[in-house]
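Q: I am sharing structure22.cif, which consists of mmCIF, C-alpha atoms:
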data_start
#
loop_
_atom_site.group_PDB
_atom_site.id
_atom_site.type_symbol
_atom_site.label_atom_id
_atom_site.label_comp_id
_atom_site.auth_asym_id
_atom_site.auth_seq_id
_atom_site.Cartn_x
_atom_site.Cartn_y
_atom_site.Cartn_z
ATOM 1 C CA MET A 1 -8.418 7.765 45.233
ATOM 2 C CA ASN A 2 -10.366 5.055 43.461
ATOM 3 C CA ARG A 3 -12.694 7.746 42.087
ATOM 4 C CA PHE A 4 -9.859 9.289 40.064
ATOM 5 C CA LEU A 5 -8.219 6.072 38.934
ATOM 6 C CA LEU A 6 -10.718 5.247 36.173
ATOM 7 C CA PRO A 7 -10.816 8.726 34.526
ATOM 8 C CA LEU A 8 -7.032 8.942 34.808
ATOM 9 C CA GLY A 9 -6.644 5.522 33.198
ATOM 10 C CA LEU A 10 -8.988 6.499 30.374
ATOM 11 C CA PHE A 11 -7.118 9.766 29.899
ATOM 12 C CA VAL A 12 -3.768 7.980 29.634
ATOM 13 C CA LEU A 13 -5.232 5.457 27.174
ATOM 14 C CA LEU A 14 -6.649 8.242 24.993
ATOM 15 C CA ALA A 15 -3.348 10.150 25.160
ATOM 16 C CA VAL A 16 -1.439 7.070 23.984
ATOM 17 C CA VAL A 17 -3.871 6.430 21.101
ATOM 18 C CA LEU A 18 -3.659 10.074 19.965
ATOM 19 C CA ALA A 19 0.147 10.141 20.314
ATOM 20 C CA VAL A 20 0.453 7.051 18.086
ATOM 21 C CA GLY A 21 -1.853 8.745 15.581
ATOM 22 C CA ILE A 22 0.249 11.926 15.538
ATOM 23 C CA VAL A 23 3.535 10.062 15.193
ATOM 24 C CA HIS A 24 2.188 8.063 12.252
ATOM 25 C CA SER A 25 0.362 10.897 10.498
ATOM 26 C CA PRO A 26 3.152 11.889 8.037
ATOM 27 C CA THR A 27 3.169 8.396 6.515
ATOM 28 C CA LYS A 28 -0.580 7.846 6.767
ATOM 29 C CA GLY A 29 -1.142 8.195 3.037
ATOM 30 C CA LEU A 30 1.598 5.717 2.188
ATOM 31 C CA ILE A 31 0.930 2.028 2.018
ATOM 32 C CA ALA A 32 3.529 -0.261 3.536
ATOM 33 C CA SER A 33 4.873 -2.658 0.937
ATOM 34 C CA PRO A 34 4.326 -6.360 1.615
ATOM 35 C CA LEU A 35 7.551 -6.857 -0.356
ATOM 36 C CA LEU A 36 9.778 -5.584 2.477
ATOM 37 C CA GLY A 37 11.909 -8.421 3.832
ATOM 38 C CA LYS A 38 10.902 -10.619 0.888
ATOM 39 C CA PRO A 39 12.787 -11.554 -2.281
ATOM 40 C CA ALA A 40 12.531 -8.991 -5.068
ATOM 41 C CA PRO A 41 10.544 -10.266 -8.075
ATOM 42 C CA SER A 42 12.762 -11.887 -10.676
ATOM 43 C CA PHE A 43 12.626 -10.337 -14.100
ATOM 44 C CA SER A 44 14.133 -10.403 -17.542
ATOM 45 C CA LEU A 45 13.180 -7.359 -19.585
ATOM 46 C CA PRO A 46 14.503 -5.608 -22.685
ATOM 47 C CA ASP A 47 17.226 -3.034 -22.091
ATOM 48 C CA LEU A 48 16.160 0.516 -23.005
ATOM 49 C CA ALA A 49 19.562 1.299 -24.542
ATOM 50 C CA ASP A 50 19.647 -1.931 -26.551
ATOM 51 C CA PRO A 51 16.345 -3.850 -26.807
ATOM 52 C CA SER A 52 18.108 -6.957 -28.107
ATOM 53 C CA HIS A 53 19.821 -7.193 -24.724
ATOM 54 C CA GLN A 54 17.958 -8.214 -21.535
ATOM 55 C CA VAL A 55 18.204 -6.680 -18.075
ATOM 56 C CA ARG A 56 17.931 -9.680 -15.744
ATOM 57 C CA SER A 57 17.504 -9.848 -11.973
ATOM 58 C CA VAL A 58 19.837 -12.875 -11.743
ATOM 59 C CA ASP A 59 22.690 -10.720 -13.047
ATOM 60 C CA LEU A 60 22.059 -8.271 -10.205
ATOM 61 C CA ARG A 61 22.544 -10.868 -7.478
ATOM 62 C CA GLY A 62 25.543 -10.457 -5.218
ATOM 63 C CA HIS A 63 25.535 -6.715 -4.820
ATOM 64 C CA TRP A 64 23.251 -3.939 -3.589
ATOM 65 C CA TYR A 65 21.149 -1.998 -6.075
ATOM 66 C CA LEU A 66 18.451 0.661 -6.122
ATOM 67 C CA PHE A 67 15.477 -0.230 -8.298
ATOM 68 C CA ASN A 68 13.883 3.018 -9.463
ATOM 69 C CA VAL A 69 10.504 3.034 -11.198
ATOM 70 C CA TRP A 70 10.050 6.054 -13.456
ATOM 71 C CA ALA A 71 8.465 7.292 -16.688
ATOM 72 C CA THR A 72 8.597 10.379 -18.859
ATOM 73 C CA TRP A 73 4.869 11.033 -18.210
ATOM 74 C CA CYS A 74 5.600 11.324 -14.498
ATOM 75 C CA GLY A 75 6.214 14.905 -13.362
ATOM 76 C CA GLU A 76 7.564 13.953 -9.969
ATOM 77 C CA CYS A 77 10.192 11.808 -11.728
ATOM 78 C CA ARG A 78 11.608 14.892 -13.394
ATOM 79 C CA ALA A 79 11.880 16.598 -10.007
ATOM 80 C CA GLU A 80 13.577 13.478 -8.650
ATOM 81 C CA HIS A 81 16.086 13.189 -11.473
ATOM 82 C CA GLU A 82 18.655 15.541 -9.972
ATOM 83 C CA MET A 83 18.754 13.443 -6.806
ATOM 84 C CA LEU A 84 19.322 10.310 -8.897
ATOM 85 C CA LEU A 85 22.292 11.979 -10.595
ATOM 86 C CA LYS A 86 23.677 12.753 -7.139
ATOM 87 C CA VAL A 87 23.269 9.105 -6.158
ATOM 88 C CA GLN A 88 25.163 8.063 -9.271
ATOM 89 C CA LEU A 89 27.911 10.564 -8.467
ATOM 90 C CA ALA A 90 28.229 9.182 -4.931
ATOM 91 C CA GLY A 91 29.095 5.848 -6.553
ATOM 92 C CA VAL A 92 28.038 3.718 -3.572
ATOM 93 C CA VAL A 93 25.151 1.812 -5.099
ATOM 94 C CA PRO A 94 24.116 1.335 -8.737
ATOM 95 C CA LEU A 95 20.718 2.488 -9.965
ATOM 96 C CA VAL A 96 18.649 0.124 -12.050
ATOM 97 C CA GLY A 97 15.700 1.832 -13.712
ATOM 98 C CA LEU A 98 12.310 0.476 -14.678
ATOM 99 C CA ASP A 99 10.771 2.553 -17.446
ATOM 100 C CA TRP A 100 7.095 2.031 -16.645
ATOM 101 C CA LYS A 101 4.532 2.064 -19.514
ATOM 102 C CA ASP A 102 6.486 4.624 -21.439
ATOM 103 C CA ASP A 103 7.486 5.507 -24.964
ATOM 104 C CA PRO A 104 11.079 4.197 -25.345
ATOM 105 C CA ALA A 105 12.038 6.986 -27.771
ATOM 106 C CA GLN A 106 10.901 9.653 -25.308
ATOM 107 C CA ALA A 107 12.654 7.852 -22.456
ATOM 108 C CA LEU A 108 15.929 7.857 -24.402
ATOM 109 C CA THR A 109 15.570 11.574 -25.186
ATOM 110 C CA TRP A 110 14.869 12.241 -21.494
ATOM 111 C CA LEU A 111 18.079 10.482 -20.464
ATOM 112 C CA LYS A 112 20.086 12.253 -23.168
ATOM 113 C CA GLN A 113 18.804 15.663 -22.098
ATOM 114 C CA LEU A 114 18.825 15.275 -18.310
ATOM 115 C CA GLY A 115 21.707 12.840 -17.942
ATOM 116 C CA ASN A 116 21.595 9.107 -17.373
ATOM 117 C CA PRO A 117 22.057 8.033 -13.729
ATOM 118 C CA TYR A 118 21.237 4.373 -14.413
ATOM 119 C CA GLN A 119 23.527 1.378 -14.762
ATOM 120 C CA ALA A 120 20.735 -0.159 -16.840
ATOM 121 C CA VAL A 121 17.088 0.609 -17.591
ATOM 122 C CA ALA A 122 14.602 -2.230 -18.028
ATOM 123 C CA VAL A 123 11.572 -1.537 -20.208
ATOM 124 C CA ASP A 124 8.160 -2.475 -18.790
ATOM 125 C CA SER A 125 5.835 -1.639 -21.651
ATOM 126 C CA SER A 126 2.912 -3.759 -20.403
ATOM 127 C CA GLY A 127 3.063 -2.598 -16.776
ATOM 128 C CA ARG A 128 3.231 -6.194 -15.519
ATOM 129 C CA GLU A 129 6.630 -5.850 -13.898
ATOM 130 C CA ALA A 130 5.567 -2.766 -11.923
ATOM 131 C CA ILE A 131 2.532 -4.665 -10.614
ATOM 132 C CA ASP A 132 4.796 -7.502 -9.437
ATOM 133 C CA TRP A 133 6.716 -4.918 -7.412
ATOM 134 C CA GLY A 134 3.479 -3.476 -6.009
ATOM 135 C CA VAL A 135 4.064 -0.106 -7.651
ATOM 136 C CA TYR A 136 1.052 2.206 -7.545
ATOM 137 C CA ALA A 137 2.478 5.637 -8.325
ATOM 138 C CA ALA A 138 5.790 6.593 -9.909
ATOM 139 C CA PRO A 139 8.390 7.360 -8.784
ATOM 140 C CA GLU A 140 9.069 4.536 -6.368
ATOM 141 C CA THR A 141 12.486 3.267 -5.333
ATOM 142 C CA PHE A 142 13.413 -0.085 -3.791
ATOM 143 C CA LEU A 143 16.685 -0.952 -2.077
ATOM 144 C CA VAL A 144 17.639 -4.565 -2.787
ATOM 145 C CA ASN A 145 20.443 -6.315 -0.878
ATOM 146 C CA PRO A 146 23.045 -8.760 -2.313
ATOM 147 C CA GLN A 147 20.797 -11.708 -1.392
ATOM 148 C CA GLY A 148 18.039 -10.197 -3.540
ATOM 149 C CA ILE A 149 15.854 -9.162 -0.565
ATOM 150 C CA VAL A 150 13.968 -5.852 -0.657
ATOM 151 C CA VAL A 151 15.018 -3.970 2.488
ATOM 152 C CA PHE A 152 13.580 -0.509 1.932
ATOM 153 C CA LYS A 153 11.007 1.211 -0.251
ATOM 154 C CA GLN A 154 10.680 4.919 -0.944
ATOM 155 C CA ILE A 155 7.260 5.957 -2.241
ATOM 156 C CA GLY A 156 7.455 9.221 -4.159
ATOM 157 C CA ALA A 157 10.630 11.065 -5.111
ATOM 158 C CA LEU A 158 13.889 9.937 -3.574
ATOM 159 C CA THR A 159 14.920 12.689 -1.173
ATOM 160 C CA ASP A 160 18.213 13.725 0.390
ATOM 161 C CA GLU A 161 16.716 12.736 3.715
ATOM 162 C CA ALA A 162 15.770 9.231 2.589
ATOM 163 C CA TRP A 163 19.204 8.820 1.031
ATOM 164 C CA THR A 164 21.182 9.799 4.154
ATOM 165 C CA ARG A 165 18.842 8.413 6.801
ATOM 166 C CA GLU A 166 17.420 5.269 5.230
ATOM 167 C CA ILE A 167 19.642 4.088 2.405
ATOM 168 C CA LEU A 168 23.245 4.941 3.348
ATOM 169 C CA PRO A 169 23.047 3.415 6.871
ATOM 170 C CA ARG A 170 21.743 0.160 5.385
ATOM 171 C CA LEU A 171 24.590 0.065 2.855
ATOM 172 C CA ALA A 172 27.320 0.633 5.451
ATOM 173 C CA PRO A 173 29.221 -2.583 6.188
ATOM 174 C CA PRO A 174 28.732 -3.805 9.792
ATOM 175 C CA ARG A 175 32.401 -3.096 10.612
ATOM 176 C CA ALA A 176 32.113 0.589 9.721
ATOM 177 C CA ALA A 177 28.784 0.886 11.510
ATOM 178 C CA GLY A 178 30.271 -0.587 14.684
ATOM 179 C CA SER A 179 33.328 1.672 14.871
ATOM 180 C CA MET B 180 -39.497 7.242 -25.582
ATOM 181 C CA ALA B 181 -38.079 3.846 -26.366
ATOM 182 C CA PHE B 182 -35.603 5.550 -28.626
ATOM 183 C CA ALA B 183 -34.512 7.895 -25.816
ATOM 184 C CA VAL B 184 -33.985 4.975 -23.442
ATOM 185 C CA GLY B 185 -32.038 3.124 -26.103
ATOM 186 C CA ALA B 186 -29.857 6.176 -26.737
ATOM 187 C CA LEU B 187 -29.214 6.569 -23.018
ATOM 188 C CA ALA B 188 -28.228 2.920 -22.708
ATOM 189 C CA ALA B 189 -25.819 3.378 -25.598
ATOM 190 C CA VAL B 190 -24.278 6.402 -23.859
ATOM 191 C CA ARG B 191 -23.958 4.386 -20.653
ATOM 192 C CA VAL B 192 -22.077 1.653 -22.422
ATOM 193 C CA ALA B 193 -19.814 4.165 -24.159
ATOM 194 C CA CYS B 194 -18.992 5.849 -20.823
ATOM 195 C CA ALA B 195 -18.451 2.660 -18.858
ATOM 196 C CA VAL B 196 -14.911 2.423 -17.545
ATOM 197 C CA ASP B 197 -14.750 -1.300 -18.001
ATOM 198 C CA THR B 198 -16.340 -2.912 -21.040
ATOM 199 C CA THR B 199 -14.854 -6.351 -20.464
ATOM 200 C CA GLN B 200 -17.026 -9.258 -21.511
ATOM 201 C CA LEU B 201 -15.740 -12.683 -20.560
ATOM 202 C CA PRO B 202 -16.968 -15.632 -22.657
ATOM 203 C CA ASP B 203 -18.495 -17.479 -19.701
ATOM 204 C CA PRO B 204 -21.335 -15.660 -17.838
ATOM 205 C CA ALA B 205 -20.351 -17.292 -14.523
ATOM 206 C CA LEU B 206 -16.776 -16.097 -14.999
ATOM 207 C CA GLN B 207 -18.058 -12.639 -15.923
ATOM 208 C CA ALA B 208 -20.074 -12.491 -12.680
ATOM 209 C CA ARG B 209 -17.022 -13.469 -10.628
ATOM 210 C CA TYR B 210 -14.926 -10.938 -12.546
ATOM 211 C CA LEU B 211 -17.403 -8.153 -11.752
ATOM 212 C CA ALA B 212 -17.619 -9.140 -8.082
ATOM 213 C CA LEU B 213 -13.826 -9.208 -7.729
ATOM 214 C CA THR B 214 -13.155 -5.928 -9.520
ATOM 215 C CA HIS B 215 -15.743 -4.266 -7.269
ATOM 216 C CA GLU B 216 -14.139 -5.498 -4.055
ATOM 217 C CA LEU B 217 -10.539 -4.659 -5.002
ATOM 218 C CA ARG B 218 -9.278 -1.142 -4.456
ATOM 219 C CA CYS B 219 -7.702 1.022 -7.122
ATOM 220 C CA MET B 220 -4.383 1.769 -5.404
ATOM 221 C CA GLN B 221 -3.965 5.066 -7.209
ATOM 222 C CA CYS B 222 -7.314 6.677 -6.387
ATOM 223 C CA GLN B 223 -7.785 4.657 -3.214
ATOM 224 C CA ASN B 224 -11.480 5.351 -2.782
ATOM 225 C CA GLU B 225 -12.591 3.739 -6.010
ATOM 226 C CA SER B 226 -12.770 0.097 -6.883
ATOM 227 C CA LEU B 227 -10.866 -1.381 -9.817
ATOM 228 C CA ALA B 228 -14.153 -1.586 -11.691
ATOM 229 C CA ASP B 229 -14.920 2.128 -11.321
ATOM 230 C CA SER B 230 -11.524 3.654 -11.830
ATOM 231 C CA PRO B 231 -10.508 5.084 -15.204
ATOM 232 C CA VAL B 232 -6.758 5.242 -14.432
ATOM 233 C CA ASP B 233 -4.221 3.161 -16.303
ATOM 234 C CA LEU B 234 -3.088 1.111 -13.320
ATOM 235 C CA ALA B 235 -6.665 -0.002 -12.600
ATOM 236 C CA ALA B 236 -6.969 -1.180 -16.214
ATOM 237 C CA ASP B 237 -3.732 -3.162 -15.798
ATOM 238 C CA LEU B 238 -4.967 -4.727 -12.553
ATOM 239 C CA ARG B 239 -8.307 -5.618 -14.186
ATOM 240 C CA ARG B 240 -6.325 -7.330 -16.937
ATOM 241 C CA GLN B 241 -4.534 -9.362 -14.243
ATOM 242 C CA VAL B 242 -7.871 -10.374 -12.656
ATOM 243 C CA ARG B 243 -9.152 -11.399 -16.089
ATOM 244 C CA GLU B 244 -6.077 -13.470 -16.871
ATOM 245 C CA LEU B 245 -6.053 -15.179 -13.473
ATOM 246 C CA LEU B 246 -9.740 -16.101 -13.816
ATOM 247 C CA LEU B 247 -9.272 -17.364 -17.358
ATOM 248 C CA ALA B 248 -6.339 -19.438 -16.084
ATOM 249 C CA GLY B 249 -8.803 -21.160 -13.754
ATOM 250 C CA LYS B 250 -7.786 -19.514 -10.484
ATOM 251 C CA SER B 251 -10.269 -19.254 -7.611
ATOM 252 C CA ASP B 252 -11.535 -15.937 -6.204
ATOM 253 C CA GLN B 253 -9.313 -16.442 -3.168
ATOM 254 C CA ASP B 254 -6.288 -17.060 -5.430
ATOM 255 C CA VAL B 255 -6.943 -13.693 -7.095
ATOM 256 C CA ARG B 256 -7.251 -11.920 -3.716
ATOM 257 C CA ASP B 257 -4.030 -13.588 -2.487
ATOM 258 C CA TRP B 258 -2.224 -12.636 -5.710
ATOM 259 C CA MET B 259 -3.229 -9.005 -5.184
ATOM 260 C CA THR B 260 -2.405 -8.843 -1.464
ATOM 261 C CA ALA B 261 1.011 -10.440 -2.062
ATOM 262 C CA ARG B 262 1.856 -7.371 -4.162
ATOM 263 C CA TYR B 263 -0.184 -4.542 -2.651
ATOM 264 C CA GLY B 264 -0.953 -5.676 0.888
ATOM 265 C CA ASP B 265 -4.285 -5.959 2.695
ATOM 266 C CA PHE B 266 -5.068 -2.372 1.752
ATOM 267 C CA ILE B 267 -6.176 -3.482 -1.719
ATOM 268 C CA LEU B 268 -9.102 -5.392 -0.193
ATOM 269 C CA PHE B 269 -12.199 -3.276 0.394
ATOM 270 C CA ARG B 270 -13.516 -6.084 2.601
ATOM 271 C CA PRO B 271 -10.838 -6.445 5.285
ATOM 272 C CA ARG B 272 -9.686 -9.873 6.343
ATOM 273 C CA TYR B 273 -9.680 -11.036 9.915
ATOM 274 C CA SER B 274 -6.075 -11.229 11.068
ATOM 275 C CA LEU B 275 -4.180 -10.971 14.326
ATOM 276 C CA ARG B 276 -2.925 -7.548 13.303
ATOM 277 C CA ASN B 277 -6.368 -6.025 12.913
ATOM 278 C CA ALA B 278 -8.002 -8.118 15.645
ATOM 279 C CA TRP B 279 -8.055 -5.065 17.924
ATOM 280 C CA LEU B 280 -10.164 -3.268 15.345
ATOM 281 C CA TRP B 281 -12.783 -6.001 15.443
ATOM 282 C CA GLY B 282 -12.449 -6.452 19.205
ATOM 283 C CA THR B 283 -12.588 -2.825 20.359
ATOM 284 C CA PRO B 284 -16.402 -2.404 20.051
ATOM 285 C CA PHE B 285 -16.948 -5.477 22.212
ATOM 286 C CA GLY B 286 -14.346 -4.246 24.696
ATOM 287 C CA LEU B 287 -16.115 -0.891 24.903
ATOM 288 C CA LEU B 288 -19.447 -2.663 25.376
ATOM 289 C CA LEU B 289 -17.913 -4.639 28.243
ATOM 290 C CA ILE B 290 -16.553 -1.469 29.878
ATOM 291 C CA GLY B 291 -19.981 0.164 29.493
ATOM 292 C CA ALA B 292 -21.685 -2.844 31.089
ATOM 293 C CA LEU B 293 -19.177 -2.755 33.962
ATOM 294 C CA VAL B 294 -19.748 0.954 34.593
ATOM 295 C CA CYS B 295 -23.505 0.419 34.394
ATOM 296 C CA TRP B 296 -23.338 -2.448 36.880
ATOM 297 C CA ARG B 297 -21.244 -0.410 39.327
ATOM 298 C CA VAL B 298 -23.587 2.579 39.148
ATOM 299 C CA VAL B 299 -26.651 0.395 39.723
ATOM 300 C CA ARG B 300 -24.941 -1.337 42.635
ATOM 301 C CA ALA B 301 -23.958 1.987 44.233
ATOM 302 C CA ARG B 302 -27.528 3.280 43.861
ATOM 303 C CA THR B 303 -29.082 0.177 45.418
ATOM 304 C CA ALA B 304 -26.573 0.395 48.279
ATOM 305 C CA LEU B 305 -27.628 4.019 48.762
ATOM 306 C CA LEU B 306 -31.333 3.034 48.731
ATOM 307 C CA ALA B 307 -30.681 0.255 51.218
ATOM 308 C CA SER B 308 -28.934 2.640 53.594
ATOM 309 C CA ASP B 309 -31.897 5.081 53.271
ATOM 310 C CA ASP B 310 -34.195 2.344 54.515
ATOM 311 C CA GLU B 311 -32.248 1.932 57.704
ATOM 312 C CA PRO B 312 -33.542 3.524 60.879
ATOM 313 C CA PRO B 313 -32.673 7.199 61.331
ATOM 314 C CA GLU B 314 -30.696 6.588 64.571
ATOM 315 C CA GLU B 315 -27.795 5.426 62.367
ATOM 316 C CA ASP B 316 -27.138 9.118 61.621
ATOM 317 C CA GLY B 317 -27.014 9.827 65.309
ATOM 318 C CA HIS B 318 -24.220 7.329 65.767
ATOM 319 C CA ALA B 319 -22.049 8.805 63.075
#
Take the structure I supplied and represent it as structure tokens, if you would.
A:
Amino acid sequence: MNRFLLPLGLFVLLAVVLAVGIVHSPTKGLIASPLLGKPAPSFSLPDLADPSHQVRSVDLRGHWYLFNVWATWCGECRAEHEMLLKVQLAGVVPLVGLDWKDDPAQALTWLKQLGNPYQAVAVDSSGREAIDWGVYAAPETFLVNPQGIVVFKQIGALTDEAWTREILPRLAPPRAAGS
Amino acid sequence: MAFAVGALAAVRVACAVDTTQLPDPALQARYLALTHELRCMQCQNESLADSPVDLAADLRRQVRELLLAGKSDQDVRDWMTARYGDFILFRPRYSLRNAWLWGTPFGLLLIGALVCWRVVRARTALLASDDEPPEEDGHA
């Protein structure tokens, strides 16, 4: 009996290690954001539609919002755009855009041609704001709660799956979730 | 020959990803050390110093500004990890979360030593029983 105990134990240990590896493999390339559970960076940046006006994080306090980092040079953002329009149509949570190191004129044309899903778009011409959010590849989307805490981050295009499985359940008020 | 070397050096400078020159040589040395030990998040296997992508240039600018503002090397590392996590450090920190990574080799060594000890003990027990008088077999 004792002879088999050690190999069996090692086998189980190896199986567990490999199982954990397999379960985690789809997200292996993604880097967990240290921002999750922490306050979103505060910002005050020029509004794309009207540069004399500022998009400010303090004005966003008190309700949920999706913070979507995009740019016209980003191909994946174009693929994502349709999903963003769907989110706007759903009308559950406003989208706030961050136009990352982009040409404002091109960004405006993009929104005119493809439709504008954003409540407001902040312009980050220097790329400093994106760094504060830990952005490393557009598109990235953050879900921020009414207290200004980042509760979810989507790296890459926002998908139907992420919307229904990650974002909507978090938005649902506790009463509705309980019933 | 000297001309060729000079031309090559000129090419090297022109091709260098990062041509930053900080006013203070000590600061420049710290800047180079830091940009070589921070990861470019976009290419992931290159350091900030080696990467030609835009984001790496922006992060180098941040390192430069933090150093010029008088921050310590550790302040710069903390600033980066607060935004990008431990992954940005090429030289991992010791933390409770990755303690198993550091500990596993020693654990394996311990297991190996244990197995080794048991095998040696079993062999010596076998040798000892061989030494015993043959009538033992008759009893069994």
Q: One number please: CA of Arg300 in chain B to CA of Gly282 in chain B, in Å, one decimal.
A: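 Those two atoms sit 27.0 Å apart.
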Q: Counting only C-alpha atoms, which residues have an atom no more than 10 Å from (2.7, -11.9, 1.2) in the file's coordinates? Please list them as a ChimeraX atom specification.
A: /A:33-36,38 /B:257-265
Q: Apply the PyMOL selection byres ((chain A and resi 147-158) around 6) to the structure shown and report the selected residues as a ChimeraX atom specification.
A: /A:36-40,80,139-146,159
Q: Restrict the selected residues to C-alpha atoms and save them as a PDB file, in the frame of the given file.
A:
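Once everything was written out, this is part_30.pdb:
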ATOM      1  CA  LEU A  36       9.778  -5.584   2.477  1.00  0.00           C
ATOM      2  CA  GLY A  37      11.909  -8.421   3.832  1.00  0.00           C
ATOM      3  CA  LYS A  38      10.902 -10.619   0.888  1.00  0.00           C
ATOM      4  CA  PRO A  39      12.787 -11.554  -2.281  1.00  0.00           C
ATOM      5  CA  ALA A  40      12.531  -8.991  -5.068  1.00  0.00           C
ATOM      6  CA  GLU A  80      13.577  13.478  -8.650  1.00  0.00           C
ATOM      7  CA  PRO A 139       8.390   7.360  -8.784  1.00  0.00           C
ATOM      8  CA  GLU A 140       9.069   4.536  -6.368  1.00  0.00           C
ATOM      9  CA  THR A 141      12.486   3.267  -5.333  1.00  0.00           C
ATOM     10  CA  PHE A 142      13.413  -0.085  -3.791  1.00  0.00           C
ATOM     11  CA  LEU A 143      16.685  -0.952  -2.077  1.00  0.00           C
ATOM     12  CA  VAL A 144      17.639  -4.565  -2.787  1.00  0.00           C
ATOM     13  CA  ASN A 145      20.443  -6.315  -0.878  1.00  0.00           C
ATOM     14  CA  PRO A 146      23.045  -8.760  -2.313  1.00  0.00           C
ATOM     15  CA  THR A 159      14.920  12.689  -1.173  1.00  0.00           C
TER      16      THR A 159
END
Q: List the residues matched by the PyMOL selection byres ((chain B) within 12 of (chain A)) in the displayed structure as an NGL selection string, ordered by chain and then by residue number.
A: :B and (218-223 or 232-241 or 244 or 257-267 or 287 or 290 or 293-294)
Q: Report the distance between CA of Trp70 in chain A and CA of Trp163 in chain A in Å, rounded to one decimal place.
A: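 Taking CA of Trp70 in chain A as the start and CA of Trp163 in chain A as the end point, the length is 17.4 Å.
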